[in-house]
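Here is the file run.tsv (TSV, N, CA and C atoms).
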```
chain	number	residue	atom	x	y	z
L	27	MET	N	187.91	205.66	155.49
L	27	MET	CA	186.87	204.66	155.49
L	27	MET	C	185.70	205.11	156.35
L	28	SER	N	186.00	205.71	157.52
L	28	SER	CA	184.92	206.14	158.37
L	28	SER	C	184.15	207.30	157.75
L	29	ASN	N	184.81	208.14	156.94
L	29	ASN	CA	184.10	209.19	156.23
L	29	ASN	C	183.09	208.61	155.26
L	30	THR	N	183.43	207.53	154.58
L	30	THR	CA	182.53	206.88	153.64
L	30	THR	C	181.33	206.33	154.37
L	31	LYS	N	181.54	205.70	155.51
L	31	LYS	CA	180.43	205.15	156.30
L	31	LYS	C	179.53	206.27	156.79
L	32	ASN	N	180.11	207.34	157.28
L	32	ASN	CA	179.31	208.47	157.77
L	32	ASN	C	178.50	209.09	156.63
L	33	THR	N	179.09	209.22	155.47
L	33	THR	CA	178.39	209.79	154.32
L	33	THR	C	177.25	208.88	153.90
L	34	GLN	N	177.50	207.56	153.85
L	34	GLN	CA	176.45	206.60	153.49
L	34	GLN	C	175.34	206.62	154.54
L	35	GLY	N	175.72	206.65	155.80
L	35	GLY	CA	174.73	206.69	156.88
L	35	GLY	C	173.92	207.97	156.82
L	36	SER	N	174.57	209.06	156.50
L	36	SER	CA	173.90	210.35	156.40
L	36	SER	C	172.91	210.34	155.24
L	37	GLN	N	173.34	209.76	154.10
L	37	GLN	CA	172.46	209.68	152.94
L	37	GLN	C	171.25	208.79	153.24
L	38	SER	N	171.51	207.68	153.89
L	38	SER	CA	170.44	206.76	154.24
L	38	SER	C	169.45	207.43	155.19
L	39	SER	N	169.98	208.16	156.16
L	39	SER	CA	169.13	208.89	157.10
L	39	SER	C	168.31	209.95	156.38
L	40	GLN	N	168.94	210.65	155.45
L	40	GLN	CA	168.25	211.70	154.68
L	40	GLN	C	167.15	211.09	153.81
L	41	GLU	N	167.43	209.94	153.17
L	41	GLU	CA	166.42	209.27	152.34
L	41	GLU	C	165.23	208.85	153.19
L	42	SER	N	165.51	208.34	154.39
L	42	SER	CA	164.44	207.94	155.29
L	42	SER	C	163.59	209.15	155.68
L	43	GLN	N	164.23	210.26	155.98
L	43	GLN	CA	163.52	211.49	156.34
L	43	GLN	C	162.70	212.00	155.16
L	44	ASP	N	163.29	211.96	153.95
L	44	ASP	CA	162.57	212.40	152.75
L	44	ASP	C	161.33	211.54	152.52
L	45	SER	N	161.47	210.23	152.75
L	45	SER	CA	160.35	209.31	152.59
L	45	SER	C	159.24	209.63	153.58
L	46	GLN	N	159.61	209.90	154.84
L	46	GLN	CA	158.62	210.27	155.85
L	46	GLN	C	157.96	211.59	155.49
L	47	ASP	N	158.74	212.58	155.04
L	47	ASP	CA	158.19	213.87	154.65
L	47	ASP	C	157.21	213.70	153.50
L	48	SER	N	157.55	212.83	152.55
L	48	SER	CA	156.69	212.59	151.40
L	48	SER	C	155.36	211.98	151.84
L	49	ARG	N	155.41	210.98	152.75
L	49	ARG	CA	154.18	210.37	153.26
L	49	ARG	C	153.35	211.39	154.00
L	50	THR	N	153.98	212.18	154.85
L	50	THR	CA	153.27	213.21	155.61
L	50	THR	C	152.65	214.22	154.66
L	51	SER	N	153.40	214.62	153.64
L	51	SER	CA	152.90	215.58	152.65
L	51	SER	C	151.70	215.00	151.92
L	52	ASN	N	151.78	213.72	151.51
L	52	ASN	CA	150.66	213.07	150.83
L	52	ASN	C	149.44	212.97	151.72
L	53	ASP	N	149.65	212.67	153.01
L	53	ASP	CA	148.54	212.61	153.96
L	53	ASP	C	147.86	213.97	154.07
L	54	HIS	N	148.66	215.03	154.15
L	54	HIS	CA	148.10	216.38	154.25
L	54	HIS	C	147.36	216.75	152.97
L	55	GLU	N	147.91	216.37	151.80
L	55	GLU	CA	147.24	216.68	150.54
L	55	GLU	C	145.92	215.95	150.44
L	56	THR	N	145.88	214.68	150.87
L	56	THR	CA	144.64	213.91	150.84
L	56	THR	C	143.61	214.56	151.74
L	57	ALA	N	144.02	214.93	152.93
L	57	ALA	CA	143.09	215.58	153.86
L	57	ALA	C	142.64	216.92	153.32
L	58	ARG	N	143.53	217.64	152.68
L	58	ARG	CA	143.22	218.95	152.16
L	58	ARG	C	142.28	218.85	150.96
L	59	LYS	N	142.40	217.79	150.16
L	59	LYS	CA	141.58	217.63	148.97
L	59	LYS	C	140.15	217.25	149.30
L	60	ARG	N	139.93	216.60	150.42
L	60	ARG	CA	138.59	216.17	150.80
L	60	ARG	C	137.75	217.41	151.09
L	61	PRO	N	136.64	217.62	150.37
L	61	PRO	CA	135.85	218.84	150.56
L	61	PRO	C	135.09	218.82	151.88
L	62	SER	N	134.88	220.01	152.42
L	62	SER	CA	134.09	220.15	153.64
L	62	SER	C	132.61	219.97	153.28
L	63	PRO	N	131.75	219.73	154.26
L	63	PRO	CA	130.31	219.60	153.97
L	63	PRO	C	129.74	220.83	153.24
L	64	MET	N	130.16	222.03	153.62
L	64	MET	CA	129.66	223.22	152.94
L	64	MET	C	130.13	223.28	151.49
L	65	GLU	N	131.35	222.85	151.23
L	65	GLU	CA	131.84	222.80	149.85
L	65	GLU	C	131.04	221.78	149.04
L	66	VAL	N	130.71	220.65	149.65
L	66	VAL	CA	129.92	219.62	148.98
L	66	VAL	C	128.54	220.18	148.64
L	67	LEU	N	127.92	220.90	149.58
L	67	LEU	CA	126.61	221.49	149.32
L	67	LEU	C	126.67	222.47	148.16
L	68	ARG	N	127.66	223.34	148.16
L	68	ARG	CA	127.80	224.32	147.08
L	68	ARG	C	128.03	223.63	145.74
L	69	GLN	N	128.89	222.62	145.74
L	69	GLN	CA	129.18	221.90	144.49
L	69	GLN	C	127.93	221.19	143.98
L	70	ALA	N	127.18	220.57	144.88
L	70	ALA	CA	125.98	219.84	144.48
L	70	ALA	C	124.96	220.79	143.85
L	71	ARG	N	124.73	221.92	144.51
L	71	ARG	CA	123.76	222.90	143.99
L	71	ARG	C	124.20	223.41	142.63
L	72	GLY	N	125.47	223.74	142.50
L	72	GLY	CA	125.98	224.26	141.24
L	72	GLY	C	125.93	223.25	140.11
L	73	GLN	N	126.32	222.02	140.40
L	73	GLN	CA	126.33	220.98	139.37
L	73	GLN	C	124.91	220.62	138.94
L	74	LEU	N	123.98	220.55	139.89
L	74	LEU	CA	122.59	220.24	139.55
L	74	LEU	C	122.01	221.36	138.70
L	75	ALA	N	122.27	222.60	139.06
L	75	ALA	CA	121.78	223.74	138.28
L	75	ALA	C	122.34	223.72	136.86
L	76	GLU	N	123.61	223.38	136.73
L	76	GLU	CA	124.23	223.32	135.42
L	76	GLU	C	123.59	222.23	134.55
L	77	LEU	N	123.28	221.10	135.15
L	77	LEU	CA	122.71	219.98	134.40
L	77	LEU	C	121.23	220.17	134.06
L	78	THR	N	120.47	220.73	135.00
L	78	THR	CA	119.02	220.83	134.81
L	78	THR	C	118.56	222.20	134.33
L	79	GLY	N	119.38	223.22	134.53
L	79	GLY	CA	118.97	224.58	134.19
L	79	GLY	C	118.07	225.20	135.25
L	80	MET	N	117.92	224.53	136.39
L	80	MET	CA	117.07	225.03	137.47
L	80	MET	C	117.92	225.27	138.71
L	81	GLU	N	117.74	226.43	139.33
L	81	GLU	CA	118.49	226.77	140.54
L	81	GLU	C	117.90	226.07	141.76
L	82	ALA	N	118.76	225.58	142.62
L	82	ALA	CA	118.32	224.95	143.87
L	82	ALA	C	117.86	226.04	144.82
L	83	GLU	N	116.71	225.84	145.44
L	83	GLU	CA	116.21	226.79	146.43
L	83	GLU	C	116.66	226.41	147.83
L	84	SER	N	116.73	225.11	148.09
L	84	SER	CA	117.16	224.66	149.41
L	84	SER	C	117.61	223.21	149.34
L	85	VAL	N	118.32	222.80	150.39
L	85	VAL	CA	118.72	221.41	150.55
L	85	VAL	C	117.97	220.90	151.77
L	86	SER	N	117.08	219.94	151.55
L	86	SER	CA	116.24	219.47	152.66
L	86	SER	C	116.79	218.23	153.34
L	87	SER	N	117.79	217.60	152.73
L	87	SER	CA	118.38	216.42	153.34
L	87	SER	C	119.83	216.33	152.87
L	88	PHE	N	120.72	215.96	153.80
L	88	PHE	CA	122.15	215.91	153.49
L	88	PHE	C	122.80	214.90	154.40
L	89	GLU	N	123.48	213.90	153.82
L	89	GLU	CA	124.16	212.91	154.64
L	89	GLU	C	125.37	212.32	153.92
L	90	GLN	N	126.36	211.93	154.70
L	90	GLN	CA	127.53	211.27	154.15
L	90	GLN	C	127.22	209.78	154.07
L	91	THR	N	127.61	209.17	152.95
L	91	THR	CA	127.39	207.75	152.75
L	91	THR	C	128.74	207.05	152.60
L	92	GLU	N	128.72	205.74	152.44
L	92	GLU	CA	129.96	204.99	152.23
L	92	GLU	C	130.68	205.44	150.97
L	93	ASP	N	129.89	205.79	149.93
L	93	ASP	CA	130.47	206.13	148.64
L	93	ASP	C	130.67	207.63	148.44
L	94	GLY	N	130.15	208.46	149.34
L	94	GLY	CA	130.27	209.91	149.17
L	94	GLY	C	129.21	210.65	149.94
L	95	TRP	N	128.28	211.27	149.20
L	95	TRP	CA	127.25	212.11	149.82
L	95	TRP	C	125.91	211.89	149.14
L	96	ALA	N	124.83	212.03	149.90
L	96	ALA	CA	123.47	211.95	149.36
L	96	ALA	C	122.70	213.18	149.84
L	97	LEU	N	122.02	213.85	148.92
L	97	LEU	CA	121.28	215.06	149.25
L	97	LEU	C	119.90	214.99	148.64
L	98	GLU	N	118.97	215.73	149.23
L	98	GLU	CA	117.68	215.98	148.59
L	98	GLU	C	117.59	217.48	148.42
L	99	VAL	N	117.44	217.91	147.18
L	99	VAL	CA	117.49	219.32	146.83
L	99	VAL	C	116.14	219.76	146.29
L	100	GLU	N	115.65	220.90	146.77
L	100	GLU	CA	114.37	221.46	146.32
L	100	GLU	C	114.65	222.52	145.25
L	101	VAL	N	113.95	222.39	144.11
L	101	VAL	CA	114.12	223.36	143.03
L	101	VAL	C	112.76	223.88	142.57
L	102	LEU	N	112.77	225.07	142.02
L	102	LEU	CA	111.58	225.67	141.42
L	102	LEU	C	111.53	225.19	139.97
L	103	GLU	N	110.51	224.38	139.63
L	103	GLU	CA	110.40	223.87	138.27
L	103	GLU	C	109.56	224.76	137.38
L	104	LEU	N	108.51	225.35	137.93
L	104	LEU	CA	107.62	226.19	137.13
L	104	LEU	C	107.08	227.31	138.00
L	105	GLU	N	107.44	228.53	137.65
L	105	GLU	CA	107.00	229.68	138.44
L	105	GLU	C	105.59	230.09	138.01
L	106	ARG	N	104.71	230.28	138.98
L	106	ARG	CA	103.33	230.67	138.73
L	106	ARG	C	102.96	231.85	139.62
L	107	VAL	N	101.84	232.49	139.26
L	107	VAL	CA	101.29	233.57	140.08
L	107	VAL	C	99.93	233.10	140.53
L	108	PRO	N	99.65	233.11	141.82
L	108	PRO	CA	100.51	233.54	142.91
L	108	PRO	C	101.64	232.52	143.16
L	109	ASP	N	102.66	232.96	143.86
L	109	ASP	CA	103.85	232.14	144.12
L	109	ASP	C	103.52	230.82	144.80
L	110	THR	N	102.46	230.81	145.60
L	110	THR	CA	102.10	229.57	146.31
L	110	THR	C	101.65	228.47	145.35
L	111	MET	N	101.38	228.83	144.10
L	111	MET	CA	100.97	227.84	143.11
L	111	MET	C	102.15	227.38	142.23
L	112	SER	N	103.32	227.91	142.47
L	112	SER	CA	104.51	227.51	141.70
L	112	SER	C	104.77	226.02	141.91
L	113	LEU	N	105.30	225.41	140.86
L	113	LEU	CA	105.57	223.97	140.92
L	113	LEU	C	107.00	223.73	141.36
L	114	MET	N	107.16	223.00	142.46
L	114	MET	CA	108.46	222.67	143.05
L	114	MET	C	108.76	221.19	142.80
L	115	ALA	N	110.03	220.83	142.96
L	115	ALA	CA	110.41	219.42	142.83
L	115	ALA	C	111.55	219.13	143.80
L	116	SER	N	111.56	217.90	144.28
L	116	SER	CA	112.67	217.40	145.10
L	116	SER	C	113.50	216.46	144.25
L	117	TYR	N	114.80	216.69	144.27
L	117	TYR	CA	115.73	215.84	143.53
L	117	TYR	C	116.65	215.14	144.51
L	118	GLN	N	116.81	213.84	144.32
L	118	GLN	CA	117.79	213.07	145.07
L	118	GLN	C	119.09	213.19	144.29
L	119	VAL	N	120.14	213.67	144.96
L	119	VAL	CA	121.41	213.92	144.31
L	119	VAL	C	122.48	213.10	145.01
L	120	GLU	N	123.31	212.42	144.24
L	120	GLU	CA	124.40	211.62	144.80
L	120	GLU	C	125.73	212.17	144.30
L	121	LEU	N	126.68	212.27	145.22
L	121	LEU	CA	128.01	212.76	144.89
L	121	LEU	C	129.05	211.78	145.41
L	122	ASP	N	130.20	211.74	144.73
L	122	ASP	CA	131.28	210.89	145.22
L	122	ASP	C	131.98	211.58	146.38
L	123	SER	N	132.98	210.95	146.95
L	123	SER	CA	133.65	211.50	148.14
L	123	SER	C	134.39	212.80	147.86
L	124	ASP	N	134.66	213.10	146.57
L	124	ASP	CA	135.30	214.36	146.21
L	124	ASP	C	134.31	215.48	145.94
L	125	GLY	N	133.00	215.16	146.04
L	125	GLY	CA	131.97	216.17	145.82
L	125	GLY	C	131.54	216.30	144.37
L	126	GLN	N	131.89	215.32	143.53
L	126	GLN	CA	131.49	215.35	142.12
L	126	GLN	C	130.18	214.60	141.96
L	127	LEU	N	129.23	215.22	141.27
L	127	LEU	CA	127.92	214.63	141.08
L	127	LEU	C	128.03	213.34	140.27
L	128	THR	N	127.43	212.28	140.79
L	128	THR	CA	127.46	210.99	140.11
L	128	THR	C	126.07	210.60	139.60
L	129	GLY	N	125.03	211.25	140.10
L	129	GLY	CA	123.69	210.95	139.64
L	129	GLY	C	122.65	211.80	140.34
L	130	TYR	N	121.49	211.94	139.69
L	130	TYR	CA	120.37	212.64	140.32
L	130	TYR	C	119.08	212.11	139.72
L	131	ARG	N	117.99	212.27	140.45
L	131	ARG	CA	116.67	211.92	139.93
L	131	ARG	C	115.61	212.68	140.70
L	132	ARG	N	114.54	213.02	140.00
L	132	ARG	CA	113.43	213.72	140.65
L	132	ARG	C	112.63	212.69	141.41
L	133	VAL	N	112.37	212.98	142.68
L	133	VAL	CA	111.64	212.03	143.52
L	133	VAL	C	110.21	212.48	143.81
L	134	ARG	N	109.93	213.78	143.64
L	134	ARG	CA	108.54	214.23	143.79
L	134	ARG	C	108.38	215.65	143.25
L	135	ARG	N	107.12	215.97	142.91
L	135	ARG	CA	106.74	217.32	142.48
L	135	ARG	C	105.58	217.75	143.34
L	136	TYR	N	105.50	219.05	143.60
L	136	TYR	CA	104.44	219.56	144.46
L	136	TYR	C	104.28	221.06	144.25
L	137	GLU	N	103.10	221.56	144.61
L	137	GLU	CA	102.89	223.01	144.58
L	137	GLU	C	103.52	223.60	145.83
L	138	ARG	N	104.14	224.74	145.68
L	138	ARG	CA	104.85	225.37	146.79
L	138	ARG	C	103.95	225.54	148.02
L	139	GLY	N	102.70	225.88	147.83
L	139	GLY	CA	101.81	226.17	148.95
L	139	GLY	C	101.16	224.94	149.58
L	140	ARG	N	101.49	223.75	149.13
L	140	ARG	CA	100.86	222.54	149.66
L	140	ARG	C	101.85	221.71	150.47
L	141	SER	N	101.35	221.18	151.58
L	141	SER	CA	102.17	220.25	152.35
L	141	SER	C	102.01	218.86	151.76
L	142	ASP	N	102.97	218.03	152.00
L	142	ASP	CA	102.97	216.67	151.45
L	142	ASP	C	102.34	215.74	152.49
L	143	ALA	N	101.12	215.32	152.27
L	143	ALA	CA	100.42	214.46	153.22
L	143	ALA	C	100.92	213.03	153.17
L	144	ARG	N	101.59	212.65	152.08
L	144	ARG	CA	102.04	211.27	151.91
L	144	ARG	C	103.20	210.91	152.84
L	145	ARG	N	104.01	211.85	153.19
L	145	ARG	CA	105.22	211.55	153.97
L	145	ARG	C	105.11	212.11	155.38
L	146	SER	N	105.64	211.37	156.31
L	146	SER	CA	105.68	211.87	157.67
L	146	SER	C	107.10	212.30	158.01
L	147	GLY	N	107.24	213.14	159.00
L	147	GLY	CA	108.57	213.55	159.46
L	147	GLY	C	109.25	214.56	158.56
L	148	GLY	N	108.50	215.22	157.68
L	148	GLY	CA	109.07	216.26	156.85
L	148	GLY	C	109.86	215.79	155.66
L	149	ARG	N	109.88	214.49	155.39
L	149	ARG	CA	110.62	213.98	154.22
L	149	ARG	C	109.67	213.55	153.14
```
Would you encode the structure as structure tokens?
Amino acid sequence: MSNTKNTQGSQSSQESQDSQDSRTSNDHETARKRPSPMEVLRQARGQLAELTGMEAESVSSFEQTEDGWALEVEVLELERVPDTMSLMASYQVELDSDGQLTGYRRVRRYERGRSDARRSGGR
């Protein structure tokens, strides 16, 4: 009889340990799946380029939001000679918490050689 109790207790203890291991494993997988800021930047640039056909030249704004990430990405829209006359654009890009693009929109266009007098603080 005591062997049966010990076996049942051992099984119960093992099930409890397996359950804890599973939770710990799931926690590690969740943490591991969450992309780093650099991964988010790379994903955003790549996804925007794939959708628009234009390569991102720089990211001028980057922040984490409640829903994921928000970026402002500068792209070359029309190359001209001289280069300072090339037409640039800023795109507002939104990504979910996994780094998947959920939306984008062009927020301004400008010549590469011109500063933006309308905005203060570099934005």
The residue from L:Met114, L:Gly139, L:Val133, L:Val119 with the smallest atom-to-atom distance to Leu97 in chain L, counting all atoms listed in the file, is L:Val119
Restricting the calculation to only N, CA and C atoms: of L:Met64, L:Ala82, L:Ala70, L:Gln90, which residue gets closest to Gln126 in chain L?
L:Ala70
Pairwise distance for atom N of Ala96 in chain L and atom C of Arg138 in chain L, rounded to one decimal in Å:
24.9 Å
Residue contacts of range 91-93 of chain L (6 Å, all atoms listed in the file) excluding same-chain residues fewer than 3 positions away, as a ChimeraX atom specification
/L:96,121-123
What's around Glu103 in chain L at 8 Å? Count all atoms listed in the file, leave out sequence neighbours fewer than 5 positions away in its own chain, and write the answer as a VMD selection string.
chain L and resid 80 to 81 112 to 115
Run DSSP on the backbone and tell me which residues of range 49-113 of chain L come out as strand (DSSP E or B); list them as JSON, numbers by chain.
{"L": [82, 83, 84, 85, 86, 87, 88, 89, 90, 94, 95, 96, 97, 98, 99, 100, 101, 102, 103, 104, 113]}
Counting only N, CA and C atoms, note down every residue that has an atom within 8 Å of the point (131.1, 217.2, 136.3) (file coordinates), as a ChimeraX atom specification.
/L:73,126-128
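In this comparison, which uses only N, CA and C atoms, the residue of L:Gly125, L:Leu102, L:Arg135, L:Glu83 approaching Glu65 in chain L most closely is L:Gly125.
Pairwise distance (atom N of Gly94 in chain L, atom N of Asp124 in chain L) equals 7.0 Å.
Take the candidates L:Ser87, L:Lys59, L:Thr110, L:Gly72 and check each one against Arg140 in chain L using only N, CA and C atoms; the shortest distance goes to L:Thr110.
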Nearest candidate to Thr78 in chain L (options L:Pro61, L:Glu137, L:Val66, L:Arg132; using only C-alpha atoms):
L:Arg132
Report, in Å to a single decimal, how far apart atom N of Tyr136 in chain L and atom C of Ser62 in chain L are.
28.8 Å
What would range 124-135 of chain L look like with all heavy atoms in place, written as an mmCIF file, keeping the file's coordinate frame?
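As written to disk, rebuild.cif reads:
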```
data_model
loop_
_atom_site.group_PDB
_atom_site.id
_atom_site.type_symbol
_atom_site.label_atom_id
_atom_site.label_comp_id
_atom_site.auth_asym_id
_atom_site.auth_seq_id
_atom_site.Cartn_x
_atom_site.Cartn_y
_atom_site.Cartn_z
ATOM 1 N N ASP L 124 134.660 213.100 146.570
ATOM 2 C CA ASP L 124 135.300 214.360 146.210
ATOM 3 C C ASP L 124 134.310 215.480 145.940
ATOM 4 O O ASP L 124 134.687 216.592 145.614
ATOM 5 C CB ASP L 124 136.169 214.168 144.959
ATOM 6 C CG ASP L 124 137.334 213.228 145.211
ATOM 7 O OD1 ASP L 124 137.872 213.247 146.337
ATOM 8 O OD2 ASP L 124 137.693 212.469 144.293
ATOM 9 N N GLY L 125 133.000 215.160 146.040
ATOM 10 C CA GLY L 125 131.970 216.170 145.820
ATOM 11 C C GLY L 125 131.540 216.300 144.370
ATOM 12 O O GLY L 125 130.849 217.249 144.011
ATOM 13 N N GLN L 126 131.890 215.320 143.530
ATOM 14 C CA GLN L 126 131.490 215.350 142.120
ATOM 15 C C GLN L 126 130.180 214.600 141.960
ATOM 16 O O GLN L 126 130.032 213.478 142.425
ATOM 17 C CB GLN L 126 132.578 214.743 141.232
ATOM 18 C CG GLN L 126 133.882 215.510 141.258
ATOM 19 C CD GLN L 126 133.702 216.948 140.816
ATOM 20 O OE1 GLN L 126 133.171 217.216 139.742
ATOM 21 N NE2 GLN L 126 134.128 217.876 141.656
ATOM 22 N N LEU L 127 129.230 215.220 141.270
ATOM 23 C CA LEU L 127 127.920 214.630 141.080
ATOM 24 C C LEU L 127 128.030 213.340 140.270
ATOM 25 O O LEU L 127 128.662 213.318 139.221
ATOM 26 C CB LEU L 127 127.013 215.633 140.353
ATOM 27 C CG LEU L 127 125.534 215.292 140.364
ATOM 28 C CD1 LEU L 127 124.715 216.545 140.632
ATOM 29 C CD2 LEU L 127 125.124 214.677 139.056
ATOM 30 N N THR L 128 127.430 212.280 140.790
ATOM 31 C CA THR L 128 127.460 210.990 140.110
ATOM 32 C C THR L 128 126.070 210.600 139.600
ATOM 33 O O THR L 128 125.953 209.694 138.781
ATOM 34 C CB THR L 128 128.001 209.868 141.017
ATOM 35 O OG1 THR L 128 127.178 209.770 142.185
ATOM 36 C CG2 THR L 128 129.439 210.142 141.411
ATOM 37 N N GLY L 129 125.030 211.250 140.100
ATOM 38 C CA GLY L 129 123.690 210.950 139.640
ATOM 39 C C GLY L 129 122.650 211.800 140.340
ATOM 40 O O GLY L 129 122.898 212.334 141.426
ATOM 41 N N TYR L 130 121.490 211.940 139.690
ATOM 42 C CA TYR L 130 120.370 212.640 140.320
ATOM 43 C C TYR L 130 119.080 212.110 139.720
ATOM 44 O O TYR L 130 119.075 211.551 138.626
ATOM 45 C CB TYR L 130 120.480 214.159 140.145
ATOM 46 C CG TYR L 130 120.192 214.662 138.750
ATOM 47 C CD1 TYR L 130 118.911 215.059 138.378
ATOM 48 C CD2 TYR L 130 121.206 214.746 137.801
ATOM 49 C CE1 TYR L 130 118.649 215.521 137.105
ATOM 50 C CE2 TYR L 130 120.956 215.205 136.528
ATOM 51 C CZ TYR L 130 119.665 215.593 136.181
ATOM 52 O OH TYR L 130 119.413 216.048 134.918
ATOM 53 N N ARG L 131 117.990 212.270 140.450
ATOM 54 C CA ARG L 131 116.670 211.920 139.930
ATOM 55 C C ARG L 131 115.610 212.680 140.700
ATOM 56 O O ARG L 131 115.756 212.976 141.887
ATOM 57 C CB ARG L 131 116.406 210.416 140.006
ATOM 58 C CG ARG L 131 116.273 209.860 141.402
ATOM 59 C CD ARG L 131 116.117 208.329 141.347
ATOM 60 N NE ARG L 131 116.149 207.789 142.671
ATOM 61 C CZ ARG L 131 115.060 207.431 143.356
ATOM 62 N NH1 ARG L 131 113.878 207.537 142.818
ATOM 63 N NH2 ARG L 131 115.172 206.941 144.576
ATOM 64 N N ARG L 132 114.540 213.020 140.000
ATOM 65 C CA ARG L 132 113.430 213.720 140.650
ATOM 66 C C ARG L 132 112.630 212.690 141.410
ATOM 67 O O ARG L 132 112.263 211.647 140.876
ATOM 68 C CB ARG L 132 112.563 214.423 139.610
ATOM 69 C CG ARG L 132 111.471 215.264 140.279
ATOM 70 C CD ARG L 132 110.681 216.065 139.288
ATOM 71 N NE ARG L 132 110.006 215.185 138.355
ATOM 72 C CZ ARG L 132 109.621 215.564 137.141
ATOM 73 N NH1 ARG L 132 109.863 216.762 136.698
ATOM 74 N NH2 ARG L 132 108.999 214.709 136.354
ATOM 75 N N VAL L 133 112.370 212.980 142.680
ATOM 76 C CA VAL L 133 111.640 212.030 143.520
ATOM 77 C C VAL L 133 110.210 212.480 143.810
ATOM 78 O O VAL L 133 109.381 211.666 144.200
ATOM 79 C CB VAL L 133 112.391 211.717 144.836
ATOM 80 C CG1 VAL L 133 113.663 210.941 144.543
ATOM 81 C CG2 VAL L 133 112.703 212.971 145.620
ATOM 82 N N ARG L 134 109.930 213.780 143.640
ATOM 83 C CA ARG L 134 108.540 214.230 143.790
ATOM 84 C C ARG L 134 108.380 215.650 143.250
ATOM 85 O O ARG L 134 109.341 216.384 143.121
ATOM 86 C CB ARG L 134 108.081 214.179 145.243
ATOM 87 C CG ARG L 134 108.747 215.166 146.170
ATOM 88 C CD ARG L 134 108.291 214.950 147.619
ATOM 89 N NE ARG L 134 108.999 215.847 148.493
ATOM 90 C CZ ARG L 134 108.437 216.799 149.200
ATOM 91 N NH1 ARG L 134 107.136 216.955 149.168
ATOM 92 N NH2 ARG L 134 109.147 217.584 149.981
ATOM 93 N N ARG L 135 107.120 215.970 142.910
ATOM 94 C CA ARG L 135 106.740 217.320 142.480
ATOM 95 C C ARG L 135 105.580 217.750 143.340
ATOM 96 O O ARG L 135 104.737 216.943 143.729
ATOM 97 C CB ARG L 135 106.308 217.328 141.022
ATOM 98 C CG ARG L 135 107.447 217.035 140.067
ATOM 99 C CD ARG L 135 106.957 216.989 138.650
ATOM 100 N NE ARG L 135 106.976 218.363 138.123
ATOM 101 C CZ ARG L 135 106.572 218.684 136.909
ATOM 102 N NH1 ARG L 135 106.080 217.766 136.112
ATOM 103 N NH2 ARG L 135 106.638 219.919 136.488
#
```
